[in-house]
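K.L.:
One file: query_32.cif (mmCIF, C-alpha atoms, pLDDT in the B column; chains and numbers go by the auth columns).
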```cif
data_my_file
#
loop_
_atom_site.group_PDB
_atom_site.id
_atom_site.type_symbol
_atom_site.label_atom_id
_atom_site.label_comp_id
_atom_site.label_asym_id
_atom_site.label_seq_id
_atom_site.Cartn_x
_atom_site.Cartn_y
_atom_site.Cartn_z
_atom_site.B_iso_or_equiv
_atom_site.auth_seq_id
_atom_site.auth_asym_id
ATOM 1 C CA MET A 1 32.067 -31.022 5.244 63.00 97 A
ATOM 2 C CA LEU A 2 30.700 -29.280 2.191 74.00 98 A
ATOM 3 C CA ASP A 3 32.118 -30.539 -1.074 85.00 99 A
ATOM 4 C CA THR A 4 30.994 -30.185 -4.679 89.00 100 A
ATOM 5 C CA MET A 5 28.987 -33.408 -4.610 91.00 101 A
ATOM 6 C CA THR A 6 26.919 -32.208 -1.625 90.00 102 A
ATOM 7 C CA PHE A 7 26.338 -28.860 -3.304 90.00 103 A
ATOM 8 C CA THR A 8 25.303 -30.596 -6.544 94.00 104 A
ATOM 9 C CA LYS A 9 22.817 -32.813 -4.684 93.00 105 A
ATOM 10 C CA ALA A 10 21.280 -29.810 -2.893 93.00 106 A
ATOM 11 C CA ALA A 11 20.995 -27.815 -6.125 94.00 107 A
ATOM 12 C CA GLY A 12 19.467 -30.834 -7.885 95.00 108 A
ATOM 13 C CA GLY A 13 16.935 -31.239 -5.085 96.00 109 A
ATOM 14 C CA VAL A 14 15.891 -27.574 -5.291 96.00 110 A
ATOM 15 C CA CYS A 15 15.591 -27.729 -9.088 96.00 111 A
ATOM 16 C CA GLY A 16 13.626 -30.974 -8.864 96.00 112 A
ATOM 17 C CA ALA A 17 11.203 -29.492 -6.339 96.00 113 A
ATOM 18 C CA LEU A 18 10.747 -26.442 -8.566 95.00 114 A
ATOM 19 C CA LEU A 19 10.024 -28.699 -11.523 96.00 115 A
ATOM 20 C CA VAL A 20 7.401 -30.638 -9.544 96.00 116 A
ATOM 21 C CA PHE A 21 5.678 -27.404 -8.489 94.00 117 A
ATOM 22 C CA LEU A 22 5.678 -26.037 -12.050 94.00 118 A
ATOM 23 C CA LEU A 23 4.286 -29.282 -13.459 94.00 119 A
ATOM 24 C CA GLY A 24 1.635 -29.331 -10.724 92.00 120 A
ATOM 25 C CA LYS A 25 0.643 -25.755 -11.570 91.00 121 A
ATOM 26 C CA TRP A 26 0.422 -26.612 -15.260 90.00 122 A
ATOM 27 C CA ALA A 27 -1.715 -29.689 -14.559 89.00 123 A
ATOM 28 C CA ALA A 28 -4.045 -27.751 -12.265 86.00 124 A
ATOM 29 C CA GLU A 29 -4.519 -25.009 -14.872 83.00 125 A
ATOM 30 C CA GLU A 30 -5.351 -27.588 -17.517 81.00 126 A
ATOM 31 C CA LEU A 31 -7.864 -29.325 -15.261 81.00 127 A
ATOM 32 C CA TYR A 32 -9.661 -26.237 -13.951 77.00 128 A
ATOM 33 C CA HIS A 33 -9.290 -23.670 -16.714 67.00 129 A
ATOM 34 C CA MET A 34 -12.445 -22.718 -18.620 62.00 130 A
ATOM 35 C CA ASP A 35 -12.202 -20.822 -21.887 61.00 131 A
ATOM 36 C CA SER A 36 -15.860 -19.971 -22.225 57.00 132 A
ATOM 37 C CA HIS A 37 -18.860 -19.344 -20.056 59.00 133 A
ATOM 38 C CA GLY A 38 -21.414 -21.734 -21.441 62.00 134 A
ATOM 39 C CA GLU A 39 -24.967 -22.123 -20.293 67.00 135 A
ATOM 40 C CA ALA A 40 -25.575 -22.605 -16.604 66.00 136 A
ATOM 41 C CA SER A 41 -26.384 -26.214 -15.878 71.00 137 A
ATOM 42 C CA TYR A 42 -28.835 -25.267 -13.148 74.00 138 A
ATOM 43 C CA VAL A 43 -30.743 -22.007 -12.853 75.00 139 A
ATOM 44 C CA ILE A 44 -32.022 -20.886 -9.465 78.00 140 A
ATOM 45 C CA GLU A 45 -35.332 -19.096 -9.661 79.00 141 A
ATOM 46 C CA VAL A 46 -35.609 -16.040 -7.427 75.00 142 A
ATOM 47 C CA GLU A 47 -38.949 -14.739 -6.283 73.00 143 A
ATOM 48 C CA GLY A 48 -39.688 -11.067 -5.743 65.00 144 A
ATOM 49 C CA GLY A 49 -36.936 -9.805 -8.002 58.00 145 A
ATOM 50 C CA ASP A 50 -38.918 -6.620 -8.708 60.00 146 A
ATOM 51 C CA ASP A 51 -39.117 -5.620 -5.049 57.00 147 A
ATOM 52 C CA VAL A 52 -35.425 -4.826 -4.672 57.00 148 A
ATOM 53 C CA ALA A 53 -35.029 -2.018 -2.167 61.00 149 A
ATOM 54 C CA GLU A 54 -32.983 0.929 -3.294 66.00 150 A
ATOM 55 C CA VAL A 55 -30.016 1.789 -1.129 65.00 151 A
ATOM 56 C CA GLU A 56 -30.353 5.263 0.281 70.00 152 A
ATOM 57 C CA GLU A 57 -27.193 7.274 -0.231 77.00 153 A
ATOM 58 C CA VAL A 58 -26.232 9.476 2.658 80.00 154 A
ATOM 59 C CA ASP A 59 -24.533 12.795 2.015 87.00 155 A
ATOM 60 C CA PHE A 60 -20.869 12.881 3.089 87.00 156 A
ATOM 61 C CA ALA A 61 -21.493 16.027 5.134 89.00 157 A
ATOM 62 C CA THR A 62 -24.003 14.088 7.229 90.00 158 A
ATOM 63 C CA ILE A 63 -21.514 11.289 7.832 91.00 159 A
ATOM 64 C CA LEU A 64 -18.767 13.802 8.629 92.00 160 A
ATOM 65 C CA ALA A 65 -21.010 15.530 11.176 92.00 161 A
ATOM 66 C CA SER A 66 -21.261 12.288 13.152 92.00 162 A
ATOM 67 C CA ALA A 67 -17.578 11.349 12.729 93.00 163 A
ATOM 68 C CA ASP A 68 -15.479 10.355 15.740 93.00 164 A
ATOM 69 C CA PRO A 69 -11.992 11.935 15.856 93.00 165 A
ATOM 70 C CA GLU A 70 -10.808 9.298 18.351 94.00 166 A
ATOM 71 C CA SER A 71 -11.600 6.567 15.841 94.00 167 A
ATOM 72 C CA GLY A 72 -9.849 8.699 13.237 93.00 168 A
ATOM 73 C CA ALA A 73 -6.696 8.615 15.364 94.00 169 A
ATOM 74 C CA LYS A 74 -6.780 4.813 15.118 94.00 170 A
ATOM 75 C CA VAL A 75 -7.314 4.975 11.350 94.00 171 A
ATOM 76 C CA PHE A 76 -4.366 7.400 11.077 94.00 172 A
ATOM 77 C CA ARG A 77 -2.019 4.574 12.105 93.00 173 A
ATOM 78 C CA LYS A 78 -2.248 3.377 8.495 92.00 174 A
ATOM 79 C CA CYS A 79 -1.066 6.823 7.358 92.00 175 A
ATOM 80 C CA SER A 80 1.646 7.280 9.962 92.00 176 A
ATOM 81 C CA ALA A 81 4.108 5.113 8.047 91.00 177 A
ATOM 82 C CA CYS A 82 4.469 7.879 5.448 92.00 178 A
ATOM 83 C CA HIS A 83 3.017 11.057 7.000 93.00 179 A
ATOM 84 C CA LYS A 84 3.736 13.092 10.125 93.00 180 A
ATOM 85 C CA LEU A 85 1.429 15.375 12.078 93.00 181 A
ATOM 86 C CA VAL A 86 4.053 17.967 13.016 92.00 182 A
ATOM 87 C CA GLU A 87 3.983 21.134 10.951 91.00 183 A
ATOM 88 C CA GLY A 88 7.000 21.347 8.644 91.00 184 A
ATOM 89 C CA GLU A 89 8.163 17.728 9.165 92.00 185 A
ATOM 90 C CA ASN A 90 7.781 15.921 5.870 93.00 186 A
ATOM 91 C CA ALA A 91 8.428 12.212 5.565 92.00 187 A
ATOM 92 C CA VAL A 92 7.789 10.015 2.534 93.00 188 A
ATOM 93 C CA GLY A 93 4.596 12.065 2.204 93.00 189 A
ATOM 94 C CA PRO A 94 3.931 15.670 3.192 94.00 190 A
ATOM 95 C CA TYR A 95 3.011 16.540 6.770 93.00 191 A
ATOM 96 C CA LEU A 96 -0.730 16.440 7.438 93.00 192 A
ATOM 97 C CA TYR A 97 -0.982 19.073 10.167 93.00 193 A
ATOM 98 C CA GLY A 98 -3.571 21.588 8.908 93.00 194 A
ATOM 99 C CA VAL A 99 -4.282 19.632 5.731 94.00 195 A
ATOM 100 C CA VAL A 100 -8.046 20.270 5.893 93.00 196 A
ATOM 101 C CA GLY A 101 -8.551 23.557 4.063 93.00 197 A
ATOM 102 C CA ARG A 102 -4.945 23.793 2.815 93.00 198 A
ATOM 103 C CA ASP A 103 -4.161 24.315 -0.879 94.00 199 A
ATOM 104 C CA LYS A 104 -3.424 21.120 -2.784 93.00 200 A
ATOM 105 C CA GLY A 105 0.267 20.587 -3.399 91.00 201 A
ATOM 106 C CA SER A 106 1.311 23.564 -1.288 91.00 202 A
ATOM 107 C CA VAL A 107 3.642 22.169 1.387 92.00 203 A
ATOM 108 C CA ASP A 108 7.020 23.893 1.169 89.00 204 A
ATOM 109 C CA GLY A 109 9.964 21.570 0.790 89.00 205 A
ATOM 110 C CA PHE A 110 7.971 18.584 -0.464 91.00 206 A
ATOM 111 C CA SER A 111 8.328 17.348 -4.031 92.00 207 A
ATOM 112 C CA TYR A 112 4.808 16.450 -5.173 92.00 208 A
ATOM 113 C CA SER A 113 4.043 14.236 -8.132 91.00 209 A
ATOM 114 C CA GLU A 114 2.864 16.074 -11.233 92.00 210 A
ATOM 115 C CA ALA A 115 -0.678 14.765 -10.654 91.00 211 A
ATOM 116 C CA ILE A 116 -0.993 16.516 -7.275 92.00 212 A
ATOM 117 C CA ALA A 117 1.121 19.553 -8.137 91.00 213 A
ATOM 118 C CA SER A 118 -1.135 20.375 -11.089 92.00 214 A
ATOM 119 C CA MET A 119 -4.351 20.184 -9.043 92.00 215 A
ATOM 120 C CA GLU A 120 -6.031 23.390 -8.028 92.00 216 A
ATOM 121 C CA GLY A 121 -8.230 24.147 -5.051 93.00 217 A
ATOM 122 C CA ASP A 122 -8.180 23.287 -1.394 94.00 218 A
ATOM 123 C CA TRP A 123 -8.278 20.002 0.471 94.00 219 A
ATOM 124 C CA THR A 124 -11.902 20.310 1.526 94.00 220 A
ATOM 125 C CA PRO A 125 -13.431 17.390 3.441 94.00 221 A
ATOM 126 C CA GLU A 126 -15.195 16.295 0.247 94.00 222 A
ATOM 127 C CA ASN A 127 -11.930 16.397 -1.754 94.00 223 A
ATOM 128 C CA LEU A 128 -10.101 14.499 0.977 94.00 224 A
ATOM 129 C CA ASN A 129 -12.896 11.934 1.017 94.00 225 A
ATOM 130 C CA GLY A 130 -12.502 11.338 -2.717 94.00 226 A
ATOM 131 C CA PHE A 131 -8.725 11.155 -2.451 94.00 227 A
ATOM 132 C CA LEU A 132 -8.717 8.817 0.549 94.00 228 A
ATOM 133 C CA GLU A 133 -11.221 6.487 -1.093 94.00 229 A
ATOM 134 C CA LYS A 134 -8.718 5.611 -3.834 93.00 230 A
ATOM 135 C CA PRO A 135 -5.822 8.012 -4.424 93.00 231 A
ATOM 136 C CA SER A 136 -4.915 6.545 -7.817 92.00 232 A
ATOM 137 C CA SER A 137 -8.435 7.192 -9.140 92.00 233 A
ATOM 138 C CA TYR A 138 -8.752 10.693 -7.675 93.00 234 A
ATOM 139 C CA ALA A 139 -5.334 11.806 -8.949 92.00 235 A
ATOM 140 C CA PRO A 140 -4.192 9.486 -11.756 92.00 236 A
ATOM 141 C CA GLY A 141 -0.406 9.425 -11.829 91.00 237 A
ATOM 142 C CA THR A 142 0.061 10.182 -8.145 90.00 238 A
ATOM 143 C CA SER A 143 3.107 8.633 -6.529 89.00 239 A
ATOM 144 C CA MET A 144 1.070 7.730 -3.440 89.00 240 A
ATOM 145 C CA SER A 145 0.823 3.946 -3.452 88.00 241 A
ATOM 146 C CA PHE A 146 -1.828 3.685 -0.708 90.00 242 A
ATOM 147 C CA ALA A 147 -4.802 1.578 -1.857 90.00 243 A
ATOM 148 C CA GLY A 148 -7.368 3.722 -0.054 92.00 244 A
ATOM 149 C CA LEU A 149 -9.943 3.442 2.707 93.00 245 A
ATOM 150 C CA LYS A 150 -13.037 1.506 1.642 92.00 246 A
ATOM 151 C CA LYS A 151 -15.372 2.514 4.475 93.00 247 A
ATOM 152 C CA VAL A 152 -16.798 6.020 4.251 93.00 248 A
ATOM 153 C CA GLU A 153 -17.043 6.104 8.053 94.00 249 A
ATOM 154 C CA ASP A 154 -13.286 5.508 8.371 94.00 250 A
ATOM 155 C CA ARG A 155 -12.599 8.317 5.909 94.00 251 A
ATOM 156 C CA ALA A 156 -14.918 10.676 7.792 95.00 252 A
ATOM 157 C CA ASP A 157 -13.330 9.764 11.142 95.00 253 A
ATOM 158 C CA LEU A 158 -9.846 10.357 9.720 95.00 254 A
ATOM 159 C CA ILE A 159 -10.811 13.731 8.240 94.00 255 A
ATOM 160 C CA ALA A 160 -12.431 14.772 11.536 94.00 256 A
ATOM 161 C CA TYR A 161 -9.246 13.763 13.367 94.00 257 A
ATOM 162 C CA LEU A 162 -6.988 15.687 10.999 94.00 258 A
ATOM 163 C CA ASP A 163 -9.278 18.715 11.216 93.00 259 A
ATOM 164 C CA SER A 164 -9.225 18.613 15.033 93.00 260 A
ATOM 165 C CA LEU A 165 -5.432 18.856 15.204 90.00 261 A
ATOM 166 C CA ASP A 166 -5.133 22.518 14.237 84.00 262 A
ATOM 167 C CA ASN A 167 -8.354 23.735 15.895 69.00 263 A
#
```
Just give me the structure as C-alpha cells.

P.N.:
Amino acid sequence: MLDTMTFTKAAGGVCGALLVFLLGKWAAEELYHMDSHGEASYVIEVEGGDDVAEVEEVDFATILASADPESGAKVFRKCSACHKLVEGENAVGPYLYGVVGRDKGSVDGFSYSEAIASMEGDWTPENLNGFLEKPSSYAPGTSMSFAGLKKVEDRADLIAYLDSLDN
C-alpha cells in the first residue's frame, strides 16, 4: 500500500541520486577542465609538410551529371517526414513535385518563412545544392529545421531524383 512515508522515501531517493550525479559532474569538470592552452608537452615532427596535395574541387554540374536518381529516392526518405511528392499536397513543408526549376517561395497555399518568401529566382540545381547543404546558412531565418546533407553526392542524387519526377 502506498502511504506518505513510502512516497517520502521514494522522493528522497530520487533527490539523493540527483545530488550524487550533480556532485559527480561538478567534480569531473573540476578535474578535467582546462582554462588555457599552454605549450604542448610533446611536439611531433612531420616530414614533407610542404608537399601537401591540393584537393581538386569538382564542379557540381559534373557531379550532377553522374547522379543516381534511385539513390536519391533513398535519400528522400529523410525529407519525406515533412514533404510530399504529390502536386498540391503540402505537409509541414511545401510539396516537392516539380521543385527543380520552380520559383522560390511560389507554392500556392503554403506559408513560407520570410527568409524564403523574400528570395528571388528559381530553384536551380545549384541553388538546391546550396540549400540542401545547410538550409540555415543558405536562407538565414528559415523555419526549416533540417540540418542538411553533408555529402555532395547525396545532394546530387536527391536533386536528380526530384528532377526525374516531373519529366

K.L.:
So which residues get picked by the PyMOL selection byres ((chain A and resi 162) around 10) here, written as a ChimeraX atom specification?

P.N.:
/A:157-161,163-165,249,252-253,256

K.L.:
One number please: CA of Asp262 in chain A to CA of Ser233 in chain A, in Å, one decimal.

P.N.:
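Result for CA of Asp262 in chain A versus CA of Ser233 in chain A: 28.1 Å, one decimal.
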
K.L.:
Measure the distance from CA of Phe117 in chain A to CA of Thr104 in chain A in Å and round it to one decimal.

P.N.:
20.0 Å

K.L.:
The PyMOL selection byres ((chain A and resi 194-209) around 6) on the file shown: which residues, as a ChimeraX atom specification?

P.N.:
/A:192-193,210-213,217-220,238-239,259,262

K.L.:
In Å, rounded to a single decimal, give me how far CA of Lys170 in chain A is from CA of Gly189 in chain A.

P.N.:
18.7 Å

K.L.:
Please evaluate the PyMOL selection byres ((chain A and resi 243) around 9) against the structure above and give the resulting residues as a ChimeraX atom specification.

P.N.:
/A:228-232,240-242,244-246

K.L.:
Put the listed atoms of range 118-128 of chain A in a box along x, y and z with 6 Å added on every side and give me the centre and edge lengths in Å to one decimal, as AutoDock Vina command-line options.

P.N.:
```
--center_x -2.0 --center_y -27.3 --center_z -14.1 --size_x 27.3 --size_y 16.7 --size_z 18.8
```

K.L.:
Which one is closest to Leu258 in chain A: A:Ala113, A:Ala169, A:Leu98, A:Val139? Count all atoms listed in the file.

P.N.:
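With all atoms listed in the file as the atom set, the closest residue is A:Ala169.
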